[in-house]
2 protein chains.
Amino acid sequence: MTAAANHHGRRTTTRTRRLERAGIRDVAAAAGVSITTVSDALNGKGRLPDETRTKVREVAERLGYRPSAAARTLRTGRSGLIGLTVTTYGQEPFTFTEFAYFAEMARAATSAALNRGYALVVLPASSRHDVWSNVALDGTVVIDPSDHDPMVADLYRQGLPVVSDGKPGNCPVTAWVDNDHHAAVLGILEHLAQAGARRIGLLTGTSTDTYTRLSTEAYLGWCRSVGQEPLYEAYPAHDPCAGAVAADRLLARPDRPDAVYGLFDPNGTDLLAAARRYHLRVPDDLLLVCCSESDVYATTEPPITTLSLKPRRIGTTVVNLLIDAIEGQASANRVPTGQAANDSASADPTVPDQGGPDQTPADQSVSGQLMPTELIVRRSSQRRSPRTTVAAPRPPGET
Amino acid sequence: MTAAANHHGRRTTTRTRRLERAGIRDVAAAAGVSITTVSDALNGKGRLPDETRTKVREVAERLGYRPSAAARTLRTGRSGLIGLTVTTYGQEPFTFTEFAYFAEMARAATSAALNRGYALVVLPASSRHDVWSNVALDGTVVIDPSDHDPMVADLYRQGLPVVSDGKPGNCPVTAWVDNDHHAAVLGILEHLAQAGARRIGLLTGTSTDTYTRLSTEAYLGWCRSVGQEPLYEAYPAHDPCAGAVAADRLLARPDRPDAVYGLFDPNGTDLLAAARRYHLRVPDDLLLVCCSESDVYATTEPPITTLSLKPRRIGTTVVNLLIDAIEGQASANRVPTGQAANDSASADPTVPDQGGPDQTPADQSVSGQLMPTELIVRRSSQRRSPRTTVAAPRPPGET
DNA sequence: TGGTCATGGAGAAACGTATCTCCGACTCAT
DNA sequence: ATGAGTCGGAGATACGTTTCTCCATGACCA
């Protein structure tokens, strides 16, 4: 009788020191209503007169009542949590925000999720498995999944919506978003050629992600089509030192390029530093473009032309697609049980209209979406007058 | 009988197409054991022969069983989730990773959490309240809370451990970590003075966070102590354009400083650009230091001396402190109920030994921790030979 | 006076796990 | 044979919600 006095009623607070957060039961008792009424009042459901509603809200407020997210999740099957998965490079446990792209993208994704009432939890693909299974996710955004990513496949098999940033290679996803990397690279090469480049080099990566692969392929294809021999250095993109070395090596070649496009954010400064070492003037002796979201390139000497992948737009789109899938799936999953099947005559006519039996599994196979990039033209890629060859966002009057 | 055939046994799969994730019950049934046994086998608890354990694991694996995180959280009271809160500046919904510091810090925090089996969920302080209450947190890291932050106070009142990055002003926290900003600023000013600076200016912010406040106060105090009139420009740090304008204004003053320290990441490039506009040579006419985690300043022309706040160390420390608090609290909360109080004579002698009644509430009031910064000396703050005045991390042989 | 509705709200069944309690069976020494 | 001790495991309960079902009450109309 001393310690175990659970009469199925309230727990008896025998020795509990920790201040025993108030539950919905306590609110109900304090307000003199039933649990149902509290739940309805707080969630804006049911049919209740406004006075009851406000009174319950008042009592709840006074008691400092906070609904248990765990219980709600268990009951409703929805946690309001979506995962943000980033693939990891090499040994590094976690190279999230290695580049400004990721940081910007993650920020936009977080913001977009929040706007729709969801929170983002960051989960590198290499996380310990127990962490993954310990968090209730409604869906996942995966950044640039590598081919046959086992994690993605596993999530997808569980029935979780998965939306990827980067066209997926072989792993199944609900939807994906990507830049038009092919068009972007061709646009840059064209831009450099028009500025007078004869031998365009590329600084690229060794990893197998979509971005690197598509960009490199576009470059090689262009080389073939114009009859230039490819000039490129590939390095492990996660290693900043390797990038500096690769930049140096590219400019040290006997068949030195007279223009270079760098695929990764730090390439701009690295190439600039390497150019100084070899006494190459930019843009006179060497034209430079790199892919970056950082605006430090607006104030370098000279300012460097960059390609922006518009990570904010990507992050927002990806999250919204994911949440659409989550909520669409939820509503599709909802069978029209509205008191039918008990009464035989009432709601039947509406049933065949609602959800066809074959419509739910895949609304429109894997839907992908290509988003444009933006080339921000600065001095490093302009040899003569500062005329803009490709659409530049800044008014041409500025330096 | 058609749709509602719940006999309290398994649900009857009447029409459910969605593949009905296997629960612990299904595993138990398939393995021919009880739920208890499955739970024990999978969690490594209880006394079970290894054969039973492996068999259950095998069956669970075959069925693709994934324990429900929500149910586990509800039962155990622990979610394995910790919040990462960042205060928001101005209108911006969310300025996470506005500067490299946040990005690095968040990355380290995520990694540290993962290592201990926790996941991080990013929750700006300005999030809609429903999002906050919808996620079950075991604790929260809050980055640089403003004074009397209502969100922090609310969390703390709920009994959640809260650890802040940045010494908290007036809001109660479990623990905090911060850089020694005072010492850092004094070190920089001293460094500049030794390099020949006579009039040191400051580029600072208008917000009230700890970092800005402490740094500015240190600067003003130093000015008083050496008898220099303060020369500073303050701007809203969240607005990059305002930073460029402020840098320009600082160098446009009639009483132009001959050395400047910029508190924020972009200040370096902004100041460099402004210096070029006024034809000031760095470091000959103007000494420059800025606080930044970006390594672009290693390759600017000239390279710029930076102060690193070592965000990785901070992020790791903060998370580990938080998890210590979470797990310590959990073990302190555990009252020694080991079958005592039913039998009167058996376990009583051990009870007074275990947990003193006064030890649990606050182990050692609010514990704070100051962490050192690192000054990376580069050419922008050295007027003569490249000798290092303050400890420099790079070997002096490099350019 | 009886029937139909709308209103306001209560009861109870899940959701899926962890864990406390207890029970049978077997071993072993007395 | 009988009691104690151990091993292996089953039953039941609670975690805190949401939501389905259903009941009372009064109003209104015929």
# chains A, B, ... in the order shown; residues from 1 in each chain; ligands from 1

call {"tool": "closest_atom_pairs", "arguments": {"of": "chain D", "to": "chain B", "cutoff": "9 Å", "atoms": "only C-alpha atoms (C1' of nucleotides)", "output": "CSV"}}
result
residue,atom,partner,partner_atom,distance
D:DC7,C1',B:Arg47,CA,7.8
D:DG8,C1',B:Leu48,CA,6.4
D:DG9,C1',B:Thr37,CA,6.8
D:DA10,C1',B:Ser34,CA,6.5
D:DA14,C1',B:Arg75,CA,8.0
D:DC15,C1',B:Arg75,CA,4.7
D:DG16,C1',B:Leu74,CA,7.7

call {"tool": "residues_around", "arguments": {"residues": "range 254-256 of chain B", "least_positions_apart": "3", "cutoff": "9 Å", "atoms": "only C-alpha atoms (C1' of nucleotides)", "output": "ChimeraX atom specification"}}
result
/B:199,201,231,250-251,259

call {"tool": "select_by_dssp", "arguments": {"residues": "range 127-290 of chain A", "states": "helix (DSSP H, G or I)", "output": "VMD selection string"}}
result
chain A and resid 129 to 134 150 to 157 181 to 194 210 to 226 240 to 252 267 to 277

call {"tool": "closest_residue", "arguments": {"among": "D:DT13, D:DT21, D:DT6, D:DA1", "to": "DA12 in chain C", "atoms": "only C-alpha atoms (C1' of nucleotides)"}}
result
D:DT21

call {"tool": "atom_distance", "arguments": {"atom1": "CA of Leu322 in chain B", "atom2": "CA of Val163 in chain B"}}
result
5.8 Å

call {"tool": "interface_residues", "arguments": {"of": "chain C", "to": "chain A", "cutoff": "9 Å", "atoms": "only C-alpha atoms (C1' of nucleotides)", "output": "ChimeraX atom specification"}}
result
/C:7-10,14-16

call {"tool": "write_last_selection", "arguments": {"atoms": "N, CA and C atoms (P, O5', C5', C4', C3', O3' and C1' of nucleotides)", "output": "mmCIF file, in the first residue's frame"}}
result
data_model
loop_
_atom_site.group_PDB
_atom_site.id
_atom_site.type_symbol
_atom_site.label_atom_id
_atom_site.label_comp_id
_atom_site.auth_asym_id
_atom_site.auth_seq_id
_atom_site.Cartn_x
_atom_site.Cartn_y
_atom_site.Cartn_z
ATOM 1 P P DT C 7 -26.392 23.164 -33.749
ATOM 2 O "O5'" DT C 7 -26.209 22.960 -32.193
ATOM 3 C "C5'" DT C 7 -27.224 23.443 -31.308
ATOM 4 C "C4'" DT C 7 -26.912 23.006 -29.886
ATOM 5 C "C3'" DT C 7 -25.429 23.078 -29.518
ATOM 6 O "O3'" DT C 7 -25.294 23.865 -28.356
ATOM 7 C "C1'" DT C 7 -26.346 21.004 -28.874
ATOM 8 P P DG C 8 -23.863 24.294 -27.836
ATOM 9 O "O5'" DG C 8 -23.514 23.133 -26.806
ATOM 10 C "C5'" DG C 8 -24.232 23.083 -25.569
ATOM 11 C "C4'" DG C 8 -23.683 21.942 -24.752
ATOM 12 C "C3'" DG C 8 -22.162 21.926 -24.606
ATOM 13 O "O3'" DG C 8 -21.855 21.750 -23.233
ATOM 14 C "C1'" DG C 8 -22.925 19.820 -25.345
ATOM 15 P P DG C 9 -20.388 21.926 -22.717
ATOM 16 O "O5'" DG C 9 -20.036 20.399 -22.492
ATOM 17 C "C5'" DG C 9 -20.955 19.636 -21.706
ATOM 18 C "C4'" DG C 9 -20.753 18.194 -21.992
ATOM 19 C "C3'" DG C 9 -19.348 17.667 -21.701
ATOM 20 O "O3'" DG C 9 -19.408 16.901 -20.539
ATOM 21 C "C1'" DG C 9 -20.356 16.641 -23.595
ATOM 22 P P DA C 10 -18.104 16.589 -19.737
ATOM 23 O "O5'" DA C 10 -18.285 15.013 -19.505
ATOM 24 C "C5'" DA C 10 -19.555 14.536 -19.058
ATOM 25 C "C4'" DA C 10 -19.709 13.079 -19.422
ATOM 26 C "C3'" DA C 10 -18.515 12.200 -19.033
ATOM 27 O "O3'" DA C 10 -18.999 11.019 -18.441
ATOM 28 C "C1'" DA C 10 -18.951 12.003 -21.367
ATOM 29 P P DA C 14 -10.067 -1.154 -29.304
ATOM 30 O "O5'" DA C 14 -8.697 -0.925 -28.514
ATOM 31 C "C5'" DA C 14 -7.483 -0.908 -29.220
ATOM 32 C "C4'" DA C 14 -7.284 0.419 -29.927
ATOM 33 C "C3'" DA C 14 -5.823 0.657 -30.237
ATOM 34 O "O3'" DA C 14 -5.656 0.706 -31.638
ATOM 35 C "C1'" DA C 14 -6.768 2.528 -29.080
ATOM 36 P P DC C 15 -4.430 -0.088 -32.254
ATOM 37 O "O5'" DC C 15 -3.264 0.986 -32.451
ATOM 38 C "C5'" DC C 15 -3.493 2.303 -32.860
ATOM 39 C "C4'" DC C 15 -2.344 3.161 -32.390
ATOM 40 C "C3'" DC C 15 -1.099 2.363 -32.008
ATOM 41 O "O3'" DC C 15 -0.236 2.303 -33.143
ATOM 42 C "C1'" DC C 15 -1.579 4.112 -30.421
ATOM 43 P P DG C 16 0.318 0.881 -33.605
ATOM 44 O "O5'" DG C 16 1.578 0.645 -32.643
ATOM 45 C "C5'" DG C 16 2.638 1.561 -32.684
ATOM 46 C "C4'" DG C 16 3.517 1.348 -31.480
ATOM 47 C "C3'" DG C 16 4.039 -0.074 -31.321
ATOM 48 O "O3'" DG C 16 5.419 -0.010 -31.147
ATOM 49 C "C1'" DG C 16 3.116 0.691 -29.311
#

call {"tool": "select_by_dssp", "arguments": {"residues": "range 23-120 of chain A", "states": "strand (DSSP E)", "output": "PyMOL selection string"}}
result
chain A and resi 81-86+119-120

call {"tool": "closest_residue", "arguments": {"among": "C:DA29, C:DA6, C:DA13, C:DT19", "to": "DG5 in chain D", "atoms": "only C-alpha atoms (C1' of nucleotides)"}}
result
C:DA29

call {"tool": "closest_residue", "arguments": {"among": "B:Asp178, B:Glu190, B:Asp130, B:Asp270", "to": "Tyr219 in chain B", "atoms": "only C-alpha atoms"}}
result
B:Glu190

call {"tool": "residues_around", "arguments": {"residues": "Pro124 in chain B", "least_positions_apart": "3", "cutoff": "6 Å", "atoms": "only C-alpha atoms (C1' of nucleotides)", "output": "JSON, numbers by chain"}}
result
{"B": [85, 86, 127]}

call {"tool": "write_last_selection", "arguments": {"atoms": "all heavy atoms", "output": "PDB file, in the first residue's frame"}}
result
ATOM      1  N   THR B  85      18.573  26.147 -30.481  1.00  0.00           N
ATOM      2  CA  THR B  85      17.829  27.386 -30.643  1.00  0.00           C
ATOM      3  C   THR B  85      18.763  28.518 -31.007  1.00  0.00           C
ATOM      4  O   THR B  85      19.809  28.682 -30.396  1.00  0.00           O
ATOM      5  CB  THR B  85      17.130  27.753 -29.326  1.00  0.00           C
ATOM      6  OG1 THR B  85      16.217  26.731 -29.002  1.00  0.00           O
ATOM      7  CG2 THR B  85      16.391  29.061 -29.473  1.00  0.00           C
ATOM      8  N   VAL B  86      18.375  29.257 -31.975  1.00  0.00           N
ATOM      9  CA  VAL B  86      19.167  30.423 -32.320  1.00  0.00           C
ATOM     10  C   VAL B  86      18.258  31.638 -32.289  1.00  0.00           C
ATOM     11  O   VAL B  86      17.139  31.614 -32.789  1.00  0.00           O
ATOM     12  CB  VAL B  86      19.825  30.249 -33.701  1.00  0.00           C
ATOM     13  CG1 VAL B  86      18.844  29.679 -34.691  1.00  0.00           C
ATOM     14  CG2 VAL B  86      20.378  31.554 -34.212  1.00  0.00           C
ATOM     15  N   SER B 127      10.114  30.718 -33.600  1.00  0.00           N
ATOM     16  CA  SER B 127       9.214  29.769 -34.242  1.00  0.00           C
ATOM     17  C   SER B 127       7.815  29.898 -33.686  1.00  0.00           C
ATOM     18  O   SER B 127       7.617  30.306 -32.549  1.00  0.00           O
ATOM     19  CB  SER B 127       9.686  28.341 -34.008  1.00  0.00           C
ATOM     20  OG  SER B 127      10.999  28.184 -34.452  1.00  0.00           O
TER      21      SER B 127
END

call {"tool": "residues_around", "arguments": {"residues": "Gly227 in chain B", "least_positions_apart": "5", "cutoff": "12 Å", "atoms": "only C-alpha atoms (C1' of nucleotides)", "output": "ChimeraX atom specification"}}
result
/B:198-200,219-222

call {"tool": "write_last_selection", "arguments": {"atoms": "N, CA and C atoms", "output": "tab-separated table (two decimals), in the first residue's frame"}}
result
chain	number	residue	atom	x	y	z
B	198	ARG	N	47.95	53.73	-33.57
B	198	ARG	CA	47.77	54.82	-32.61
B	198	ARG	C	46.30	55.08	-32.35
B	199	ARG	N	45.49	54.83	-33.37
B	199	ARG	CA	44.06	55.11	-33.25
B	199	ARG	C	43.30	53.89	-33.78
B	200	ILE	N	42.84	53.10	-32.84
B	200	ILE	CA	42.19	51.85	-33.26
B	200	ILE	C	40.68	52.03	-33.29
B	219	TYR	N	36.28	47.09	-25.58
B	219	TYR	CA	36.93	48.11	-26.41
B	219	TYR	C	36.87	49.48	-25.73
B	220	LEU	N	35.68	49.81	-25.24
B	220	LEU	CA	35.52	51.13	-24.61
B	220	LEU	C	36.39	51.23	-23.37
B	221	GLY	N	36.43	50.15	-22.62
B	221	GLY	CA	37.27	50.16	-21.42
B	221	GLY	C	38.74	50.36	-21.76
B	222	TRP	N	39.14	49.70	-22.81
B	222	TRP	CA	40.54	49.84	-23.22
B	222	TRP	C	40.84	51.27	-23.66

call {"tool": "atom_distance", "arguments": {"atom1": "CA of Cys290 in chain A", "atom2": "CA of Pro303 in chain A"}}
result
11.3 Å

call {"tool": "atom_distance", "arguments": {"atom1": "CA of Thr210 in chain A", "atom2": "CA of Pro372 in chain A"}}
result
15.8 Å

call {"tool": "residues_around", "arguments": {"residues": "DT21 in chain C", "least_positions_apart": "2", "cutoff": "10 Å", "atoms": "only C-alpha atoms (C1' of nucleotides)", "output": "ChimeraX atom specification"}}
result
/B:339 /C:19,23 /D:11-12

call {"tool": "write_last_selection", "arguments": {"atoms": "N, CA and C atoms (P, O5', C5', C4', C3', O3' and C1' of nucleotides)", "output": "PDB file, in the first residue's frame"}}
result
ATOM      1  N   GLN B 339      12.160  -3.021  -5.070  1.00  0.00           N
ATOM      2  CA  GLN B 339      11.299  -3.904  -4.263  1.00  0.00           C
ATOM      3  C   GLN B 339      11.351  -3.624  -2.757  1.00  0.00           C
TER       4      GLN B 339
ATOM      5  P    DT C  19      12.496   0.378 -19.420  1.00  0.00           P
ATOM      6  O5'  DT C  19      11.740  -0.105 -18.115  1.00  0.00           O
ATOM      7  C5'  DT C  19      10.450   0.461 -17.822  1.00  0.00           C
ATOM      8  C4'  DT C  19       9.686  -0.416 -16.863  1.00  0.00           C
ATOM      9  C3'  DT C  19      10.521  -1.457 -16.114  1.00  0.00           C
ATOM     10  O3'  DT C  19      10.011  -1.501 -14.798  1.00  0.00           O
ATOM     11  C1'  DT C  19       8.750  -2.517 -17.137  1.00  0.00           C
ATOM     12  P    DC C  23       2.071 -15.205  -8.065  1.00  0.00           P
ATOM     13  O5'  DC C  23       1.786 -16.333  -9.140  1.00  0.00           O
ATOM     14  C5'  DC C  23       1.744 -15.959 -10.541  1.00  0.00           C
ATOM     15  C4'  DC C  23       2.335 -17.081 -11.358  1.00  0.00           C
ATOM     16  C3'  DC C  23       2.615 -18.361 -10.575  1.00  0.00           C
ATOM     17  O3'  DC C  23       2.267 -19.476 -11.336  1.00  0.00           O
ATOM     18  C1'  DC C  23       4.580 -17.642 -11.635  1.00  0.00           C
TER      19       DC C  23
ATOM     20  P    DG D  11       0.283 -14.994 -21.202  1.00  0.00           P
ATOM     21  O5'  DG D  11      -0.338 -14.090 -20.039  1.00  0.00           O
ATOM     22  C5'  DG D  11       0.427 -13.833 -18.873  1.00  0.00           C
ATOM     23  C4'  DG D  11      -0.356 -12.972 -17.909  1.00  0.00           C
ATOM     24  C3'  DG D  11      -1.385 -12.056 -18.546  1.00  0.00           C
ATOM     25  O3'  DG D  11      -2.380 -11.736 -17.580  1.00  0.00           O
ATOM     26  C1'  DG D  11       0.464 -10.764 -17.786  1.00  0.00           C
ATOM     27  P    DA D  12      -3.607 -10.832 -17.939  1.00  0.00           P
ATOM     28  O5'  DA D  12      -3.146  -9.434 -17.306  1.00  0.00           O
ATOM     29  C5'  DA D  12      -2.556  -9.446 -16.010  1.00  0.00           C
ATOM     30  C4'  DA D  12      -2.150  -8.039 -15.610  1.00  0.00           C
ATOM     31  C3'  DA D  12      -3.083  -6.938 -16.113  1.00  0.00           C
ATOM     32  O3'  DA D  12      -3.176  -5.973 -15.086  1.00  0.00           O
ATOM     33  C1'  DA D  12      -0.913  -6.530 -16.907  1.00  0.00           C
TER      34       DA D  12
END

call {"tool": "residues_around", "arguments": {"residues": "Tyr232 in chain B", "least_positions_apart": "6", "cutoff": "10 Å", "atoms": "only C-alpha atoms (C1' of nucleotides)", "output": "PyMOL selection string"}}
result
chain B and resi 200-205+216+219-220+246-247+249-250+257+260-262

call {"tool": "closest_residue", "arguments": {"among": "A:Ser133, A:Thr317, A:Gln329, A:Ser294", "to": "chain B", "atoms": "only C-alpha atoms"}}
result
A:Ser133
